[in-house]
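Novice: model25.cif is reproduced below (mmCIF, C-alpha atoms).
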data_input
#
loop_
_atom_site.label_atom_id
_atom_site.label_comp_id
_atom_site.auth_asym_id
_atom_site.auth_seq_id
_atom_site.Cartn_x
_atom_site.Cartn_y
_atom_site.Cartn_z
CA MET A 4 -48.44 -46.08 83.58
CA LYS A 5 -45.59 -45.17 85.91
CA ILE A 6 -42.36 -45.86 84.04
CA LEU A 7 -38.82 -45.69 85.38
CA LEU A 8 -35.97 -45.36 82.88
CA THR A 9 -32.45 -46.11 84.13
CA SER A 10 -29.26 -45.04 82.36
CA ASP A 11 -25.64 -44.51 83.35
CA THR A 12 -25.61 -41.28 81.31
CA TRP A 13 -28.08 -38.45 80.86
CA THR A 14 -28.11 -34.92 79.55
CA PRO A 15 -26.02 -32.83 79.10
CA ALA A 16 -23.93 -35.83 77.95
CA VAL A 17 -24.26 -36.45 74.21
CA ASN A 18 -24.26 -40.05 72.97
CA GLY A 19 -26.61 -42.56 71.38
CA VAL A 20 -27.90 -43.94 74.67
CA VAL A 21 -28.84 -40.47 75.91
CA THR A 22 -30.49 -39.63 72.58
CA SER A 23 -32.54 -42.83 72.66
CA ALA A 24 -33.53 -42.54 76.32
CA THR A 25 -34.49 -38.85 76.22
CA THR A 26 -36.49 -39.40 73.03
CA LEU A 27 -38.27 -42.35 74.61
CA ARG A 28 -39.11 -40.34 77.72
CA ALA A 29 -40.60 -37.53 75.64
CA ALA A 30 -42.58 -39.98 73.49
CA LEU A 31 -44.00 -41.80 76.53
CA GLN A 32 -44.88 -38.55 78.29
CA ALA A 33 -46.68 -37.40 75.13
CA ARG A 34 -48.74 -40.60 75.40
CA GLY A 35 -49.84 -39.63 78.92
CA HIS A 36 -47.45 -41.70 81.05
CA GLU A 37 -45.53 -40.55 84.13
CA VAL A 38 -41.85 -41.15 83.44
CA ARG A 39 -39.02 -40.80 85.92
CA VAL A 40 -35.31 -41.37 85.35
CA LEU A 41 -32.54 -42.89 87.45
CA THR A 42 -29.03 -41.96 86.33
CA LEU A 43 -25.58 -41.01 87.63
CA ALA A 44 -24.51 -37.58 88.78
CA GLY A 45 -21.28 -36.05 87.57
CA GLY A 46 -20.02 -35.89 91.17
CA HIS A 47 -20.38 -37.47 94.60
CA ARG A 48 -23.65 -35.82 95.61
CA THR A 49 -27.07 -37.35 94.96
CA ARG A 50 -29.81 -34.99 93.83
CA ILE A 51 -33.29 -35.01 92.29
CA ALA A 52 -34.39 -32.52 89.64
CA GLY A 53 -37.22 -32.56 87.11
CA GLY A 54 -38.19 -36.16 87.76
CA VAL A 55 -34.58 -37.32 87.39
CA THR A 56 -32.70 -38.92 90.29
CA PHE A 57 -28.96 -38.36 89.90
CA LEU A 58 -27.04 -40.85 92.04
CA GLY A 59 -23.67 -39.77 93.38
CA SER A 60 -20.90 -41.43 91.39
CA LEU A 61 -17.14 -41.90 91.14
CA ASP A 62 -14.87 -41.30 88.16
CA ALA A 63 -14.07 -44.49 86.19
CA GLY A 64 -12.25 -42.98 83.23
CA MET A 65 -9.55 -45.64 83.47
CA VAL A 66 -12.16 -48.19 82.28
CA TYR A 67 -13.63 -46.11 79.44
CA PRO A 68 -13.22 -42.37 78.78
CA GLY A 69 -15.99 -40.47 80.58
CA ALA A 70 -17.32 -43.52 82.47
CA ARG A 71 -18.53 -43.27 86.07
CA LEU A 72 -19.42 -45.81 88.78
CA ARG A 73 -22.30 -45.56 91.25
CA ALA A 74 -21.19 -44.54 94.74
CA PRO A 75 -22.16 -46.70 97.75
CA ALA A 76 -24.75 -45.99 100.47
CA LEU A 77 -27.51 -44.62 98.23
CA ASP A 78 -30.46 -46.63 99.55
CA GLY A 79 -32.40 -43.48 100.55
CA ALA A 80 -32.83 -42.24 96.98
CA LEU A 81 -33.57 -45.74 95.72
CA ARG A 82 -36.14 -46.43 98.44
CA ALA A 83 -38.00 -43.29 97.36
CA LEU A 84 -38.27 -44.71 93.84
CA ALA A 85 -39.45 -48.05 95.22
CA ALA A 86 -42.15 -46.23 97.22
CA TRP A 87 -43.30 -44.58 93.97
CA GLN A 88 -44.16 -48.12 92.73
CA PRO A 89 -43.39 -47.97 88.99
CA ASP A 90 -45.38 -50.29 86.73
CA VAL A 91 -42.39 -51.06 84.53
CA ILE A 92 -38.64 -50.44 84.70
CA HIS A 93 -36.64 -49.96 81.51
CA SER A 94 -32.86 -50.19 81.73
CA GLN A 95 -30.66 -48.55 79.10
CA CYS A 96 -27.20 -49.53 80.40
CA GLU A 97 -25.58 -52.69 81.69
CA PHE A 98 -23.32 -51.30 84.39
CA SER A 99 -23.90 -48.99 87.37
CA THR A 100 -27.66 -48.44 87.05
CA PHE A 101 -28.55 -51.99 86.01
CA ALA A 102 -28.28 -53.48 89.52
CA PRO A 103 -30.68 -50.93 91.06
CA ALA A 104 -33.03 -51.38 88.08
CA ARG A 105 -33.11 -55.13 88.71
CA GLN A 106 -33.62 -54.76 92.47
CA LEU A 107 -36.31 -52.10 92.07
CA ALA A 108 -38.14 -54.35 89.63
CA LYS A 109 -38.09 -57.14 92.23
CA ALA A 110 -39.19 -54.80 95.00
CA CYS A 111 -42.12 -53.42 92.98
CA GLY A 112 -43.14 -56.62 91.21
CA ALA A 113 -42.61 -54.77 87.91
CA PRO A 114 -41.31 -56.22 84.63
CA LEU A 115 -37.75 -55.28 83.73
CA VAL A 116 -37.09 -54.30 80.10
CA HIS A 117 -33.55 -53.76 78.84
CA THR A 118 -32.39 -52.09 75.62
CA TYR A 119 -29.10 -53.42 74.26
CA HIS A 120 -27.39 -50.34 72.83
CA THR A 121 -23.70 -51.28 72.63
CA VAL A 122 -21.81 -53.90 70.61
CA TYR A 123 -19.20 -54.59 73.31
CA GLU A 124 -17.14 -56.95 71.17
CA ASP A 125 -16.17 -53.91 69.08
CA TYR A 126 -14.73 -52.28 72.20
CA THR A 127 -12.30 -55.10 73.08
CA HIS A 128 -9.32 -52.72 72.88
CA TYR A 129 -10.56 -51.15 76.13
CA PHE A 130 -10.70 -54.36 78.19
CA SER A 131 -8.99 -57.31 76.46
CA PRO A 132 -5.64 -57.93 74.74
CA SER A 133 -7.34 -60.40 72.38
CA ARG A 134 -10.40 -59.76 70.20
CA ARG A 135 -11.39 -63.43 70.43
CA MET A 136 -11.17 -63.37 74.21
CA GLY A 137 -12.98 -60.04 74.25
CA ARG A 138 -15.85 -61.43 72.20
CA GLY A 139 -16.16 -64.38 74.57
CA LEU A 140 -16.27 -62.04 77.56
CA ALA A 141 -18.82 -59.81 75.84
CA ALA A 142 -21.04 -62.83 75.10
CA LEU A 143 -20.80 -64.09 78.69
CA PHE A 144 -21.55 -60.67 80.13
CA THR A 145 -24.47 -60.13 77.73
CA ARG A 146 -26.07 -63.48 78.60
CA HIS A 147 -25.74 -62.66 82.31
CA ILE A 148 -27.46 -59.27 81.91
CA CYS A 149 -30.23 -60.41 79.56
CA ALA A 150 -31.08 -63.43 81.73
CA GLN A 151 -32.24 -60.99 84.42
CA ALA A 152 -34.64 -59.08 82.14
CA ASP A 153 -38.21 -59.98 81.19
CA ALA A 154 -37.56 -58.75 77.64
CA VAL A 155 -34.74 -57.17 75.68
CA ILE A 156 -35.13 -54.53 72.98
CA ALA A 157 -32.74 -54.76 70.04
CA PRO A 158 -32.70 -51.54 67.99
CA THR A 159 -31.95 -53.45 64.77
CA GLU A 160 -32.08 -56.94 63.30
CA LYS A 161 -28.26 -56.87 63.45
CA ILE A 162 -28.42 -56.72 67.25
CA ARG A 163 -31.12 -59.39 67.47
CA ARG A 164 -28.88 -61.76 65.50
CA LEU A 165 -25.92 -60.84 67.70
CA LEU A 166 -27.89 -61.66 70.86
CA THR A 167 -29.08 -64.94 69.37
CA GLY A 168 -25.48 -65.81 68.54
CA TYR A 169 -24.51 -65.09 72.13
CA GLY A 170 -27.11 -67.58 73.36
CA VAL A 171 -29.47 -65.01 74.93
CA ALA A 172 -32.61 -66.92 75.91
CA CYS A 173 -35.05 -64.21 77.03
CA PRO A 174 -37.51 -62.66 74.51
CA VAL A 175 -35.85 -60.16 72.14
CA GLU A 176 -37.96 -57.64 70.25
CA VAL A 177 -36.64 -55.38 67.47
CA ILE A 178 -37.76 -51.78 68.07
CA PRO A 179 -35.68 -49.12 66.29
CA THR A 180 -35.08 -45.91 68.19
CA GLY A 181 -37.09 -43.05 66.77
CA LEU A 182 -36.21 -39.36 66.69
CA ASP A 183 -37.93 -35.99 66.55
CA LEU A 184 -37.22 -35.73 62.82
CA ASP A 185 -38.28 -32.07 62.60
CA ARG A 186 -35.13 -31.12 64.54
CA PHE A 187 -33.07 -31.83 61.44
CA SER A 188 -34.85 -29.63 58.92
CA ALA A 189 -32.59 -26.58 59.27
CA ALA A 190 -31.62 -24.57 56.19
CA PRO A 191 -27.91 -23.96 55.45
CA ASP A 192 -26.52 -21.06 57.47
CA PRO A 193 -24.11 -18.97 55.32
CA ALA A 194 -22.54 -17.39 58.42
CA LEU A 195 -21.74 -20.80 59.94
CA ARG A 196 -20.43 -21.98 56.57
CA ASP A 197 -18.06 -19.01 56.43
CA ALA A 198 -16.99 -19.44 60.06
CA LEU A 199 -15.97 -23.03 59.34
CA GLY A 200 -14.17 -22.10 56.14
CA LEU A 201 -16.47 -24.16 53.94
CA THR A 202 -17.50 -21.51 51.42
CA GLY A 203 -16.34 -22.49 47.95
CA CYS A 204 -15.39 -26.01 49.06
CA GLY A 205 -16.91 -29.21 47.89
CA PRO A 206 -17.84 -31.86 48.45
CA VAL A 207 -18.29 -31.31 52.20
CA LEU A 208 -18.27 -34.66 54.00
CA LEU A 209 -19.64 -34.67 57.54
CA TYR A 210 -18.72 -37.03 60.37
CA LEU A 211 -20.65 -36.36 63.58
CA GLY A 212 -20.04 -38.41 66.70
CA ARG A 213 -17.51 -39.51 69.28
CA LEU A 214 -13.84 -39.38 68.31
CA ALA A 215 -12.83 -42.85 69.48
CA LYS A 216 -10.70 -45.67 68.13
CA GLU A 217 -13.64 -47.95 67.34
CA LYS A 218 -15.10 -45.28 65.01
CA ASN A 219 -12.17 -45.71 62.58
CA ILE A 220 -12.18 -42.02 61.63
CA GLY A 221 -8.61 -42.20 60.37
CA GLU A 222 -9.93 -44.05 57.31
CA LEU A 223 -12.02 -41.00 56.40
CA ILE A 224 -9.03 -38.67 56.69
CA ALA A 225 -6.88 -41.02 54.59
CA ALA A 226 -9.38 -40.77 51.71
CA LEU A 227 -9.12 -36.98 51.44
CA PRO A 228 -5.99 -36.84 49.20
CA HIS A 229 -7.99 -38.73 46.58
CA ILE A 230 -11.10 -36.48 46.72
CA PRO A 231 -10.50 -33.27 44.72
CA ARG A 232 -11.46 -30.19 46.77
CA GLY A 233 -13.10 -32.46 49.36
CA VAL A 234 -13.38 -31.25 52.95
CA LEU A 235 -14.06 -33.40 56.02
CA LEU A 236 -16.09 -31.64 58.72
CA ILE A 237 -15.74 -33.46 62.05
CA VAL A 238 -18.30 -32.54 64.71
CA GLY A 239 -17.72 -34.06 68.13
CA ASP A 240 -14.87 -34.79 70.48
CA GLY A 241 -13.18 -37.68 72.21
CA PRO A 242 -9.89 -39.33 73.15
CA GLU A 243 -8.71 -39.75 69.53
CA ARG A 244 -8.82 -36.08 68.55
CA ALA A 245 -5.10 -35.41 68.92
CA ALA A 246 -4.20 -38.56 67.00
CA LEU A 247 -6.60 -37.64 64.20
CA GLN A 248 -5.17 -34.12 63.95
CA ALA A 249 -1.69 -35.61 63.73
CA ARG A 250 -2.84 -38.02 60.99
CA ALA A 251 -4.30 -35.17 58.95
CA GLU A 252 -1.02 -33.25 59.25
CA GLY A 253 1.00 -36.32 58.31
CA LEU A 254 -1.07 -36.84 55.16
CA GLY A 255 -0.82 -33.17 54.19
CA VAL A 256 -4.59 -32.56 54.43
CA ALA A 257 -4.81 -30.65 57.72
CA ASP A 258 -6.16 -27.66 55.78
CA ARG A 259 -9.05 -29.82 54.54
CA VAL A 260 -10.17 -31.22 57.90
CA ARG A 261 -12.34 -29.00 60.11
CA PHE A 262 -12.59 -30.03 63.79
CA ALA A 263 -15.71 -28.23 65.02
CA GLY A 264 -15.66 -29.84 68.48
CA MET A 265 -18.72 -30.61 70.56
CA VAL A 266 -21.93 -28.75 69.75
CA PRO A 267 -25.20 -28.69 71.75
CA PRO A 268 -27.76 -31.27 70.57
CA GLU A 269 -30.16 -28.53 69.54
CA GLU A 270 -27.50 -27.13 67.19
CA VAL A 271 -26.52 -30.28 65.27
CA GLY A 272 -29.16 -29.70 62.59
CA ARG A 273 -27.27 -26.59 61.47
CA TYR A 274 -24.13 -28.68 60.85
CA TYR A 275 -25.93 -31.41 58.91
CA ALA A 276 -27.35 -28.68 56.68
CA LEU A 277 -23.84 -27.62 55.57
CA ALA A 278 -22.78 -31.02 54.20
CA ASP A 279 -23.14 -32.87 50.91
CA ALA A 280 -22.95 -36.36 52.47
CA PHE A 281 -22.64 -38.06 55.84
CA VAL A 282 -19.59 -40.32 56.15
CA SER A 283 -18.67 -42.99 58.68
CA ALA A 284 -16.09 -45.77 58.72
CA SER A 285 -17.54 -47.43 61.83
CA THR A 286 -18.92 -50.97 61.98
CA SER A 287 -19.60 -50.80 65.74
CA GLU A 288 -23.03 -49.16 65.55
CA ALA A 289 -26.08 -50.82 67.12
CA GLN A 290 -28.44 -48.73 64.99
CA GLY A 291 -26.54 -45.67 63.81
CA LEU A 292 -28.62 -42.79 65.15
CA THR A 293 -26.36 -40.26 63.47
CA TYR A 294 -27.11 -42.04 60.17
CA LEU A 295 -30.81 -41.49 60.88
CA GLU A 296 -30.25 -37.85 61.82
CA ALA A 297 -28.33 -37.30 58.58
CA LEU A 298 -31.09 -38.87 56.49
CA ALA A 299 -33.71 -36.72 58.24
CA ALA A 300 -31.60 -33.69 57.27
CA GLY A 301 -31.63 -34.86 53.64
CA LEU A 302 -28.02 -36.05 53.57
CA PRO A 303 -27.09 -39.17 51.60
CA LEU A 304 -25.04 -41.78 53.45
CA LEU A 305 -21.52 -42.76 52.40
CA CYS A 306 -20.63 -45.27 55.10
CA ARG A 307 -18.56 -48.41 55.66
CA ASP A 308 -20.65 -51.47 54.76
CA ASP A 309 -22.58 -52.77 57.76
CA PRO A 310 -26.07 -54.22 58.39
CA CYS A 311 -27.16 -50.89 59.91
CA VAL A 312 -26.28 -49.01 56.72
CA ARG A 313 -27.79 -51.67 54.47
CA GLY A 314 -31.04 -51.43 56.42
CA PHE A 315 -31.43 -47.74 55.60
CA LEU A 316 -30.33 -48.15 51.98
CA ALA A 317 -32.88 -50.92 51.46
CA ALA A 318 -35.69 -48.48 52.27
CA ALA A 319 -34.71 -45.94 49.58
CA PRO A 320 -31.76 -45.18 47.24
CA CYS A 321 -30.29 -42.76 49.78
CA GLY A 322 -26.54 -43.37 49.55
CA TRP A 323 -23.82 -45.98 49.34
CA ALA A 324 -22.14 -48.61 51.51
CA TYR A 325 -18.44 -48.76 50.67
CA ARG A 326 -16.13 -51.71 51.35
CA THR A 327 -12.62 -50.35 50.73
CA PRO A 328 -10.94 -46.97 51.28
CA GLY A 329 -10.49 -46.69 47.52
CA GLU A 330 -14.21 -47.16 46.98
CA LEU A 331 -14.92 -44.47 49.58
CA ALA A 332 -12.68 -41.98 47.76
CA ALA A 333 -14.16 -42.79 44.34
CA LEU A 334 -17.75 -42.43 45.54
CA ALA A 335 -17.01 -39.18 47.38
CA ALA A 336 -15.28 -37.71 44.34
CA ALA A 337 -18.36 -38.47 42.22
CA LEU A 338 -20.96 -37.14 44.65
CA PRO A 339 -23.79 -35.21 42.97
CA LEU A 340 -23.79 -31.61 44.18
CA GLY A 341 -26.25 -28.73 44.07
CA ALA A 342 -29.44 -29.29 42.06
CA GLU A 343 -28.20 -32.69 40.87
CA ALA A 344 -28.36 -33.93 44.47
CA ALA A 345 -32.07 -33.08 44.94
CA PRO A 346 -33.44 -36.59 44.15
CA LEU A 347 -30.89 -38.16 46.51
CA ARG A 348 -31.83 -35.76 49.28
CA ARG A 349 -35.54 -36.55 48.84
CA ALA A 350 -34.75 -40.26 49.03
CA ALA A 351 -32.78 -39.66 52.24
CA ARG A 352 -35.76 -37.98 53.93
CA GLN A 353 -38.00 -40.77 52.67
CA ALA A 354 -35.74 -43.37 54.30
CA ALA A 355 -35.88 -41.49 57.64
CA ALA A 356 -39.66 -41.00 57.65
CA PRO A 357 -40.63 -44.30 59.41
CA TYR A 358 -38.34 -43.54 62.36
CA GLY A 359 -40.30 -40.77 64.08
CA ARG A 360 -40.64 -40.35 67.82
CA GLU A 361 -44.33 -41.29 67.91
CA PRO A 362 -44.02 -44.80 66.39
CA PHE A 363 -41.07 -45.44 68.72
CA GLY A 364 -43.09 -44.56 71.82
CA ALA A 365 -46.10 -46.58 70.64
CA ALA A 366 -44.03 -49.72 70.00
CA VAL A 367 -42.29 -49.58 73.39
CA GLU A 368 -45.59 -48.87 75.17
CA ALA A 369 -47.14 -51.93 73.50
CA LEU A 370 -44.28 -54.10 74.77
CA TYR A 371 -44.72 -52.74 78.31
CA ARG A 372 -48.45 -53.54 78.26
CA ARG A 373 -47.86 -57.10 77.04
CA LEU A 374 -45.32 -57.75 79.79
CA ILE A 375 -47.61 -56.34 82.47
CA LEU A 376 -50.51 -58.50 81.22
CA GLN A 377 -48.27 -61.58 81.22
CA ARG A 378 -47.13 -60.86 84.75
CA ASN A 379 -50.69 -60.33 85.96
CA ALA A 380 -51.81 -63.57 84.28
CA ALA A 381 -49.05 -65.55 85.99
CA PRO A 382 -48.38 -63.79 89.32
CA LEU A 383 -44.92 -64.17 90.76
CA ALA A 384 -43.98 -64.28 94.40
CA ALA A 385 -44.90 -61.25 96.52
CA PRO A 386 -42.64 -58.23 95.85
CA GLU A 387 -39.60 -57.94 98.08
CA ARG A 388 -40.20 -55.23 100.66
CA ARG A 389 -36.61 -55.00 101.80
CA VAL A 390 -34.52 -53.68 98.93
CA ILE A 391 -30.78 -54.33 99.10
CA LEU A 392 -29.24 -52.16 96.42
CA TRP A 393 -25.57 -52.12 97.31
#
Mind turning the file's structure into structure tokens?
Specialist:
Amino acid sequence: MKILLTSDTWTPAVNGVVTSATTLRAALQARGHEVRVLTLAGGHRTRIAGGVTFLGSLDAGMVYPGARLRAPALDGALRALAAWQPDVIHSQCEFSTFAPARQLAKACGAPLVHTYHTVYEDYTHYFSPSRRMGRGLAALFTRHICAQADAVIAPTEKIRRLLTGYGVACPVEVIPTGLDLDRFSAAPDPALRDALGLTGCGPVLLYLGRLAKEKNIGELIAALPHIPRGVLLIVGDGPERAALQARAEGLGVADRVRFAGMVPPEEVGRYYALADAFVSASTSEAQGLTYLEALAAGLPLLCRDDPCVRGFLAAAPCGWAYRTPGELAALAAALPLGAEAAPLRRAARQAAAPYGREPFGAAVEALYRRLILQRNAAPLAAPERRVILW
């Protein structure tokens, strides 16, 4: 098959959408498919490299930190993709690249699949003064997007229920994102441990991800005074970093919080290997890919209660879902360390095992084939030859 993936972000950006989309591309290519990508460039110029079309874009950081909008007058690059005649188009984002994905699907007579990665109602502080109003807007926007797709992929049952609650009418299929689990099998690096000032500390609690308000990282910092010798290692960056540093100083635990900053994706396994548990206070995750990465690295979860966390814990006794900051501190203080943690680490890897890259690619491929067969069995109108994409 010829498959076109569309996403507003691509490497070298680091986020869950990029992780999912790049993993899917690799899995589909391993299954013999030709996969191209349509995404946004980090500047005004459009370019093509390695099967990826980067559309010129404009900065939209006032909407969401790091966001970009597709620039106008890009029909040349999009017409080239239409001439390629993809068999299926799979959108990963709802904004700048969704409109061209929809129009290319119409032009090529191809089914349009969309993966719903983001729980927008948890991001109301970026676009609405009221959470209730924000949820209503998120539901309206979601219904509008999903109504234009032939099928929607929900990475978890949590997201399927959310879409049902929004009144989404198109078919929704639960397909968890898979990962190359071998990437997270690194052994602890004593030199990196020393460089981060972690030698002799314990327990080491790792948070890895974007430093943003919706991640509720301040709750993790606030627990530290109640965790003897505990250290919080924060890997990642974002708009909340300065506020989090100030919170750590205000609580008198700045010496027990390590801000490692952004690290390349190929290096994250080394940081997981240094920790005794993975911690998160977020309830805004669609699947929690960092939870899966941590489990693959043998780290138990110690995360705010959420359907995503409960889904992993149901597969194996690989951690805890806490409900209050006090419960977080008590569980962290009682973490098994060293040899005592071995059974927990085995259970963590066991919980991650079903989420490999190969099953992910096979499940998505099966959905593509069903949609193509359905479309061939009930032909639609002739594809539109004139593509209006702006």
Novice: For the structure shown, which residues end up in the PyMOL selection byres ((chain A and resi 290) around 6)? Put them as a list in words, please?
Specialist: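 Here the PyMOL selection byres ((chain A and resi 290) around 6) matches Pro158, Thr159, Glu288, Ala289, Gly291, Leu292 and Cys311 of chain A.
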Novice: Would you save the residues from that selection as a PDB file, keeping the file's coordinate frame, using C-alpha atoms?
Specialist:
ATOM      1  CA  PRO A 158     -32.700 -51.540  67.990  1.00  0.00           C
ATOM      2  CA  THR A 159     -31.950 -53.450  64.770  1.00  0.00           C
ATOM      3  CA  GLU A 288     -23.030 -49.160  65.550  1.00  0.00           C
ATOM      4  CA  ALA A 289     -26.080 -50.820  67.120  1.00  0.00           C
ATOM      5  CA  GLY A 291     -26.540 -45.670  63.810  1.00  0.00           C
ATOM      6  CA  LEU A 292     -28.620 -42.790  65.150  1.00  0.00           C
ATOM      7  CA  CYS A 311     -27.160 -50.890  59.910  1.00  0.00           C
TER       8      CYS A 311
END
Novice: I need the residue nearest A:Leu370 from this list: A:Glu97, A:Glu176, A:Glu160, A:Glu124. Use all atoms listed in the file for the distance.
Specialist: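 Nearest candidate to A:Leu370 out of A:Glu97, A:Glu176, A:Glu160, A:Glu124: A:Glu176.
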Novice: Looking at A:Ile148, A:Val238, A:Leu277, A:Cys111, which one is nearest to A:Gln95, with distances taken over only C-alpha atoms?
Specialist: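 With only C-alpha atoms as the atom set, the closest residue is A:Ile148.
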Novice: Could you tell me how far atom CA of A:Asp308 sits from atom CA of A:Asp279, in Å to one decimal place?
Specialist: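 We find that atom CA of A:Asp279 and atom CA of A:Asp308 lie 19.2 Å from each other.
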Novice: I'd like the neighbourhood of A:Gly359 as a count of residues only, where a residue qualifies if any of its atoms comes within 6 Å (using all atoms listed in the file), though same-chain residues fewer than 6 positions away should be ignored.
Specialist: 3
Novice: As an exercise, work out the distance from atom CA of A:Leu304 to atom CA of A:Arg28 in Å and give it to one decimal place.
Specialist: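 Those two atoms sit 28.1 Å apart.
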Novice: Which residue is closest to A:Pro89? Choose from A:Ala172, A:Met4, A:Ala300, A:Pro103 and count all atoms listed in the file.
Specialist: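 Selected residue with least distance to A:Pro89: A:Met4.
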Novice: Applied to this file, what does the PyMOL selection byres ((chain A and resi 205) around 9) return in terms of residues, put as a PyMOL selection string?
Specialist: chain A and resi 201-204+206-208+231-234+278-279+340
Novice: Can you tell me, as a ChimeraX atom specification, what residues are no more than 12 Å from stretch 249-251 of chain A when counting all atoms listed in the file, ignoring any on the same chain fewer than 3 positions away?
Specialist: /A:220-228,234-235,237,243-246,254-262
